[in-house]
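A.B. asks: I am sharing final.cif, which consists of mmCIF, C-alpha atoms:
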```
data_start
#
loop_
_atom_site.label_atom_id
_atom_site.label_comp_id
_atom_site.auth_asym_id
_atom_site.auth_seq_id
_atom_site.Cartn_x
_atom_site.Cartn_y
_atom_site.Cartn_z
CA MET W 25 -13.80 -8.33 -57.52
CA ASP W 26 -13.34 -11.47 -59.62
CA LYS W 27 -11.07 -14.44 -58.90
CA LYS W 28 -8.04 -13.15 -60.80
CA GLN W 29 -8.22 -9.80 -59.08
CA LYS W 30 -8.34 -11.50 -55.69
CA GLU W 31 -5.33 -13.67 -56.58
CA ALA W 32 -3.40 -10.58 -57.67
CA LEU W 33 -4.29 -8.83 -54.43
CA VAL W 34 -3.20 -11.86 -52.39
CA LEU W 35 0.16 -11.95 -54.19
CA ALA W 36 0.66 -8.23 -53.69
CA LEU W 37 -0.11 -8.44 -50.00
CA ALA W 38 2.13 -11.49 -49.57
CA GLU W 39 5.04 -9.70 -51.24
CA LYS W 40 4.58 -6.88 -48.73
CA GLY W 41 5.05 -9.39 -45.92
CA LYS W 42 1.45 -9.47 -44.82
CA THR W 43 0.35 -12.39 -42.68
CA TYR W 44 -2.40 -14.85 -43.49
CA ARG W 45 -4.65 -13.05 -41.04
CA GLU W 46 -4.00 -9.66 -42.63
CA ILE W 47 -4.44 -11.03 -46.17
CA THR W 48 -7.67 -12.77 -45.18
CA LYS W 49 -9.01 -9.53 -43.74
CA GLU W 50 -8.00 -7.28 -46.65
CA ALA W 51 -8.63 -9.64 -49.59
CA GLY W 52 -11.65 -11.39 -48.14
CA VAL W 53 -10.39 -14.91 -48.89
CA SER W 54 -9.82 -17.99 -46.76
CA PRO W 55 -6.37 -19.18 -45.55
CA ASN W 56 -6.65 -22.23 -47.83
CA THR W 57 -7.17 -19.96 -50.83
CA ILE W 58 -4.15 -17.87 -49.82
CA LYS W 59 -2.00 -20.99 -49.54
CA ALA W 60 -3.15 -22.28 -52.92
CA VAL W 61 -2.43 -18.94 -54.61
CA LEU W 62 1.05 -18.69 -53.09
CA ASN W 63 1.91 -22.29 -53.98
CA LYS W 64 0.72 -21.69 -57.53
CA ALA W 65 2.90 -18.59 -57.81
CA GLY W 66 5.89 -20.39 -56.25
CA LEU W 67 6.38 -17.79 -53.54
CA ASP W 68 8.41 -18.72 -50.43
CA GLN W 69 6.05 -17.71 -47.65
CA THR W 70 8.57 -18.72 -45.00
CA ALA W 71 11.10 -16.18 -46.22
CA SER W 72 8.55 -13.38 -46.14
CA ILE W 73 7.45 -14.34 -42.62
CA SER W 74 11.04 -14.38 -41.35
CA SER W 75 11.74 -11.00 -42.92
CA ARG W 76 8.62 -9.56 -41.38
CA THR W 77 9.55 -11.10 -38.03
CA PHE W 78 13.01 -9.52 -38.04
CA GLU W 79 11.50 -6.16 -38.98
CA LEU W 80 9.25 -6.34 -35.92
CA TYR W 81 12.17 -7.27 -33.67
CA VAL W 82 14.11 -4.32 -35.03
CA GLN W 83 11.14 -2.22 -33.92
CA GLN W 84 11.72 -3.53 -30.34
CA LYS W 85 8.67 -5.77 -30.43
CA THR W 86 8.52 -8.63 -27.94
CA PRO W 87 8.18 -12.29 -29.01
CA LEU W 88 4.61 -12.22 -27.71
CA GLU W 89 3.73 -9.21 -29.85
CA VAL W 90 5.40 -10.80 -32.91
CA ALA W 91 3.55 -14.08 -32.39
CA ILE W 92 0.24 -12.22 -32.23
CA ALA W 93 0.97 -10.00 -35.23
CA LEU W 94 2.20 -12.79 -37.52
CA ASN W 95 -0.01 -15.59 -36.21
CA LEU W 96 3.02 -17.62 -35.14
CA LYS W 97 3.34 -20.34 -32.56
CA ALA W 98 5.32 -19.54 -29.42
CA LYS W 99 8.25 -21.76 -30.40
CA GLU W 100 8.47 -20.16 -33.85
CA ALA W 101 8.49 -16.64 -32.41
CA ILE W 102 11.22 -17.59 -29.90
CA ASP W 103 13.33 -19.30 -32.57
CA TYR W 104 13.14 -16.20 -34.75
CA TYR W 105 14.12 -14.16 -31.68
CA HIS W 106 17.24 -16.28 -31.18
CA GLU W 107 18.13 -15.94 -34.87
CA TYR W 108 17.64 -12.19 -34.60
CA PHE W 109 20.22 -11.94 -31.79
CA MET W 110 22.59 -14.22 -33.66
CA LEU W 111 22.33 -11.89 -36.66
CA LEU W 112 23.23 -9.00 -34.36
CA ASN W 113 26.37 -10.95 -33.41
CA ILE W 114 25.24 -11.19 -29.79
CA THR W 115 26.31 -14.80 -29.58
CA GLU W 116 27.43 -14.72 -25.94
CA PHE W 117 24.12 -13.27 -24.83
CA THR W 118 22.29 -15.91 -26.82
CA LYS W 119 24.34 -18.67 -25.21
CA VAL W 120 23.65 -17.29 -21.75
CA TYR W 121 19.99 -16.88 -22.54
CA LEU W 122 19.75 -20.49 -23.66
CA GLN W 123 21.21 -21.52 -20.29
CA ILE W 124 18.88 -19.40 -18.14
CA LYS W 125 15.79 -19.23 -20.34
CA ASP W 126 13.79 -21.47 -17.98
CA ASN W 127 14.24 -19.04 -15.08
CA PRO W 128 15.91 -15.79 -16.17
CA TRP W 129 14.25 -13.54 -13.57
CA PRO W 130 16.94 -13.73 -10.83
CA PHE W 131 19.51 -12.50 -13.35
CA VAL W 132 17.13 -9.86 -14.67
CA ASN W 133 16.51 -8.64 -11.12
CA LEU W 134 20.26 -8.57 -10.47
CA VAL W 135 20.80 -6.39 -13.53
CA LYS W 136 17.99 -4.05 -12.44
CA LEU W 137 19.43 -3.75 -8.92
CA ALA W 138 22.87 -2.96 -10.30
CA GLN W 139 21.43 -0.33 -12.64
CA ASN W 140 19.25 1.26 -9.97
CA SER W 141 22.18 1.49 -7.53
CA GLY W 142 24.44 2.99 -10.20
CA MET W 143 27.04 0.22 -9.93
CA ARG W 144 29.57 -0.21 -12.68
CA ASP W 145 30.52 -3.54 -14.27
CA GLY W 146 33.74 -3.84 -12.26
CA GLU W 147 31.93 -3.14 -9.00
CA VAL W 148 29.34 -5.81 -9.79
CA MET W 149 32.09 -8.35 -10.49
CA GLU W 150 33.91 -7.45 -7.27
CA LEU W 151 30.71 -7.72 -5.26
CA LEU W 152 29.97 -11.14 -6.72
CA LYS W 153 33.49 -12.34 -5.88
CA ILE W 154 33.12 -11.11 -2.29
CA ALA W 155 29.72 -12.75 -2.02
CA ASN W 156 31.09 -16.00 -3.39
CA GLY W 157 33.92 -15.97 -0.84
CA TYR W 158 31.94 -14.92 2.23
CA LEU W 159 28.56 -16.39 1.39
CA PRO W 160 29.12 -19.72 3.23
CA ARG W 161 30.15 -17.89 6.41
CA VAL W 162 27.28 -15.46 6.03
CA ARG W 163 24.92 -18.39 5.56
CA LEU W 164 26.31 -20.03 8.71
CA GLU W 165 25.90 -16.83 10.70
CA TYR W 166 22.41 -16.43 9.29
CA ASP W 167 21.46 -19.93 10.40
CA GLY W 168 22.87 -19.23 13.87
CA LEU W 169 20.97 -15.96 14.15
CA ARG W 170 17.82 -17.65 12.94
CA ALA W 171 18.18 -20.36 15.60
CA GLU W 172 18.77 -17.68 18.23
CA LEU W 173 15.71 -15.82 16.99
CA ASN W 174 13.61 -18.97 17.30
CA SER W 175 14.93 -19.45 20.84
CA LEU W 176 14.06 -15.87 21.73
CA LYS W 177 10.59 -16.34 20.27
CA ALA W 178 10.10 -19.45 22.42
CA GLU W 179 11.36 -17.59 25.49
CA LEU W 180 9.08 -14.68 24.71
CA SER W 181 6.14 -17.04 24.35
CA ASN W 182 6.95 -18.57 27.75
CA THR W 183 7.28 -15.10 29.28
CA VAL W 184 3.92 -14.11 27.85
CA ARG W 185 2.37 -17.26 29.30
CA ILE W 186 3.84 -16.54 32.76
CA TYR W 187 2.73 -12.92 32.56
CA GLN W 188 -0.78 -14.04 31.65
CA GLN W 189 -0.84 -16.37 34.64
CA PHE W 190 0.36 -13.50 36.83
CA CYS W 191 -2.40 -11.26 35.48
CA ASP W 192 -5.02 -13.94 36.09
CA ARG W 193 -3.75 -14.46 39.65
CA ASN W 194 -3.69 -10.72 40.22
CA ILE W 195 -7.30 -10.49 39.08
CA GLU W 196 -8.28 -13.25 41.50
CA LEU W 197 -6.45 -11.52 44.38
CA LYS W 198 -8.08 -8.21 43.50
CA LYS W 199 -11.48 -9.89 43.56
CA ARG W 200 -10.68 -11.44 46.96
CA GLU W 201 -9.46 -8.06 48.22
CA ASP W 202 -12.76 -6.48 47.18
CA GLU W 203 -14.68 -9.22 48.98
CA LEU W 204 -12.63 -8.74 52.18
CA ARG W 205 -12.99 -4.98 51.95
CA GLN W 206 -16.76 -5.39 51.70
CA ILE W 207 -16.75 -7.66 54.77
CA ILE W 208 -14.64 -5.11 56.68
CA ASN W 209 -17.05 -2.35 55.73
CA GLU W 210 -19.96 -4.45 56.96
CA TRP W 211 -18.19 -5.09 60.30
CA GLU W 212 -17.33 -1.40 60.60
CA ALA W 213 -21.00 -0.58 60.11
CA LYS W 214 -21.95 -3.12 62.80
CA LYS W 215 -19.28 -1.65 65.10
CA VAL W 216 -20.72 1.83 64.69
CA GLU W 217 -24.20 0.44 65.32
CA LEU W 218 -23.03 -1.29 68.53
CA GLN W 219 -21.26 1.86 69.70
CA ASN W 220 -24.44 3.83 69.18
CA THR W 221 -26.40 1.17 71.08
CA ILE W 222 -23.90 1.23 73.98
CA ALA W 223 -23.99 5.02 74.09
CA GLY W 224 -27.79 4.91 74.23
CA LEU W 225 -27.74 2.35 77.04
CA LYS W 226 -25.24 4.44 79.00
CA GLN W 227 -27.47 7.45 78.55
CA GLN W 228 -30.47 5.51 79.82
CA LEU W 229 -28.46 4.20 82.81
CA SER W 230 -27.32 7.69 83.67
CA GLU W 231 -30.88 8.96 83.55
CA LEU W 232 -32.06 6.10 85.79
CA GLN W 233 -29.35 6.87 88.34
CA GLU W 234 -30.31 10.53 88.38
CA ASN W 235 -33.98 9.62 88.87
CA ASN W 236 -33.14 7.30 91.79
CA THR W 237 -31.06 9.99 93.48
CA ASP W 238 -33.86 12.52 93.22
CA SER W 239 -36.48 10.11 94.72
CA ILE W 240 -34.56 9.45 98.05
CA ASP W 241 -35.36 12.03 100.96
CA PRO W 242 -32.41 13.18 103.03
CA ASN W 243 -32.78 11.68 106.66
CA PRO W 244 -30.01 12.18 109.20
CA GLU W 245 -30.95 9.03 111.11
CA ALA W 246 -31.01 6.97 108.03
CA GLU W 247 -27.80 8.51 106.97
CA ALA W 248 -26.31 7.68 110.39
CA LEU W 249 -27.65 4.17 110.05
CA TYR W 250 -26.04 3.74 106.71
CA ASN W 251 -22.96 5.67 107.78
CA PRO W 252 -22.11 4.76 111.45
CA PRO W 253 -19.54 6.93 113.25
CA GLN W 254 -16.04 5.79 112.99
CA VAL W 255 -14.13 5.13 116.27
CA GLU W 256 -10.75 6.60 116.36
CA PRO W 257 -8.13 4.24 117.62
CA SER W 258 -6.91 5.12 121.17
CA SER W 259 -3.37 5.84 121.94
CA ARG W 260 -3.67 4.56 125.53
CA THR W 261 -2.12 1.27 126.61
CA LEU W 262 -4.18 -1.08 128.77
CA ILE W 263 -2.29 -3.08 131.36
CA PHE W 264 -3.88 -6.25 132.68
CA ASP W 265 -2.76 -8.03 135.82
CA THR W 266 -2.59 -11.62 134.85
CA LYS W 267 -2.50 -12.77 138.50
CA ASP W 268 -6.20 -12.20 138.93
CA LEU W 269 -6.90 -14.52 136.07
CA PHE W 270 -5.50 -17.58 137.83
#
```
Mind turning this structure into structure tokens?
C.D. replies:
Amino acid sequence: MDKKQKEALVLALAEKGKTYREITKEAGVSPNTIKAVLNKAGLDQTASISSRTFELYVQQKTPLEVAIALNLKAKEAIDYYHEYFMLLNITEFTKVYLQIKDNPWPFVNLVKLAQNSGMRDGEVMELLKIANGYLPRVRLEYDGLRAELNSLKAELSNTVRIYQQFCDRNIELKKREDELRQIINEWEAKKVELQNTIAGLKQQLSELQENNTDSIDPNPEAEALYNPPQVEPSSRTLIFDTKDLF
């Protein structure tokens, strides 16, 4: 393809609204060559870009997609987007968008919530009026409840601390109880051992007593010696004459 054929192809592609990137790819020429050919032919490249931009917006393309497709800067794509809405006579929306463009997401989320809940326009307006009237009081109640919640959290933390101390003390007492129980068991074992020893000694004493009894011969005289006769008291009355004593 010679130079004239390439220039004709560039002009044809430009008239179709092709971008520099698309023309470069299809015609195989540089962007500088495209610009020189268009300037030589006196074509208004800006008009073709704007037309192509509006066509893409009609196709529900986003500004990001348009900027990528037409090799536009972000500001250019957004400006064309504003012009597109102005052409659709959506002036109020454009004015609102210009006011909230820095942070539109709260309003977008509000619209989504209203749509998902099936609320109508009048209901949304009424809800916003109610919120605007009661919001300060709701905020005050919210702050009060939040302070109460913080107080309850602090009280709960203190209760947990006291409970932990109680558990620690209970563990110490349980350990002391186990120690005392072990001591009691040891003393009980010693008690049983002493009782067995005493029982054995009693048994030995009993056996010794039996052996001593068996070794002594029965002797009446000895028995009389150890057991003298008892004199019964007399019932007679003795009368002494005291005259003989003097």
A.B. asks: In terms of the shortest atom-to-atom distance over only C-alpha atoms, which of W:Glu147, W:Glu217, W:Asp192, W:Glu107 is closest to Lys119 in chain W?
C.D. replies: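 Counting only C-alpha atoms, the residue closest to Lys119 in chain W is W:Glu107.
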A.B. asks: How many Å separate CA of Tyr158 in chain W from CA of Leu134 in chain W?
C.D. replies: 18.4 Å
A.B. asks: With only C-alpha atoms as the basis for distance, which of W:Ala178, W:Val132, W:Ala101, W:Leu94 is at the shortest distance from Arg45 in chain W?
C.D. replies: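 Ranked by minimum distance to Arg45 in chain W, first place goes to W:Leu94.
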A.B. asks: In terms of the shortest atom-to-atom distance over all atoms listed in the file, which of W:Ser141, W:Asn95, W:Gln227, W:Thr221 is closest to Tyr44 in chain W?
C.D. replies: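 The closest residue to Tyr44 in chain W is W:Asn95.
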A.B. asks: What box, with edges along x, y and z, holds each listed atom of range 88-98 of chain W when 8 Å is added on every side, and can you state its centre and edge lengths in Å to one decimal, as AutoDock Vina command-line options?
C.D. replies:
```
--center_x 2.7 --center_y -14.8 --center_z -32.6 --size_x 21.4 --size_y 27.1 --size_z 25.8
```
A.B. asks: Do you know which residues are at most 12 Å from Lys27 in chain W counting only C-alpha atoms, after dropping those on the same chain fewer than 2 positions away, and could you put them as JSON, numbers by chain?
C.D. replies: {"W": [25, 29, 30, 31, 32, 33, 34, 51, 52, 53, 57, 58, 61]}
A.B. asks: How many Å lie between CA of Ala138 in chain W and CA of Leu151 in chain W, rounded to one decimal?
C.D. replies: 10.5 Å
A.B. asks: Identify, on the basis of all atoms listed in the file, every residue whose closest approach to Glu89 in chain W does not exceed 12 Å; exclude the query and any residue fewer than 3 positions from it along the same chain; express the result as a list in words.
C.D. replies: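 Result of the neighbour search: Thr77, Leu80, Tyr81, Gln83, Gln84, Lys85, Thr86, Ile92, Ala93, Leu94, Asn95, Leu96, Lys97, Ala98, Ala101, Ile102 and Tyr105 of chain W.
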A.B. asks: In Å, with one decimal, what is the gap from CA of Tyr108 in chain W to CA of Val82 in chain W?
C.D. replies: 8.6 Å
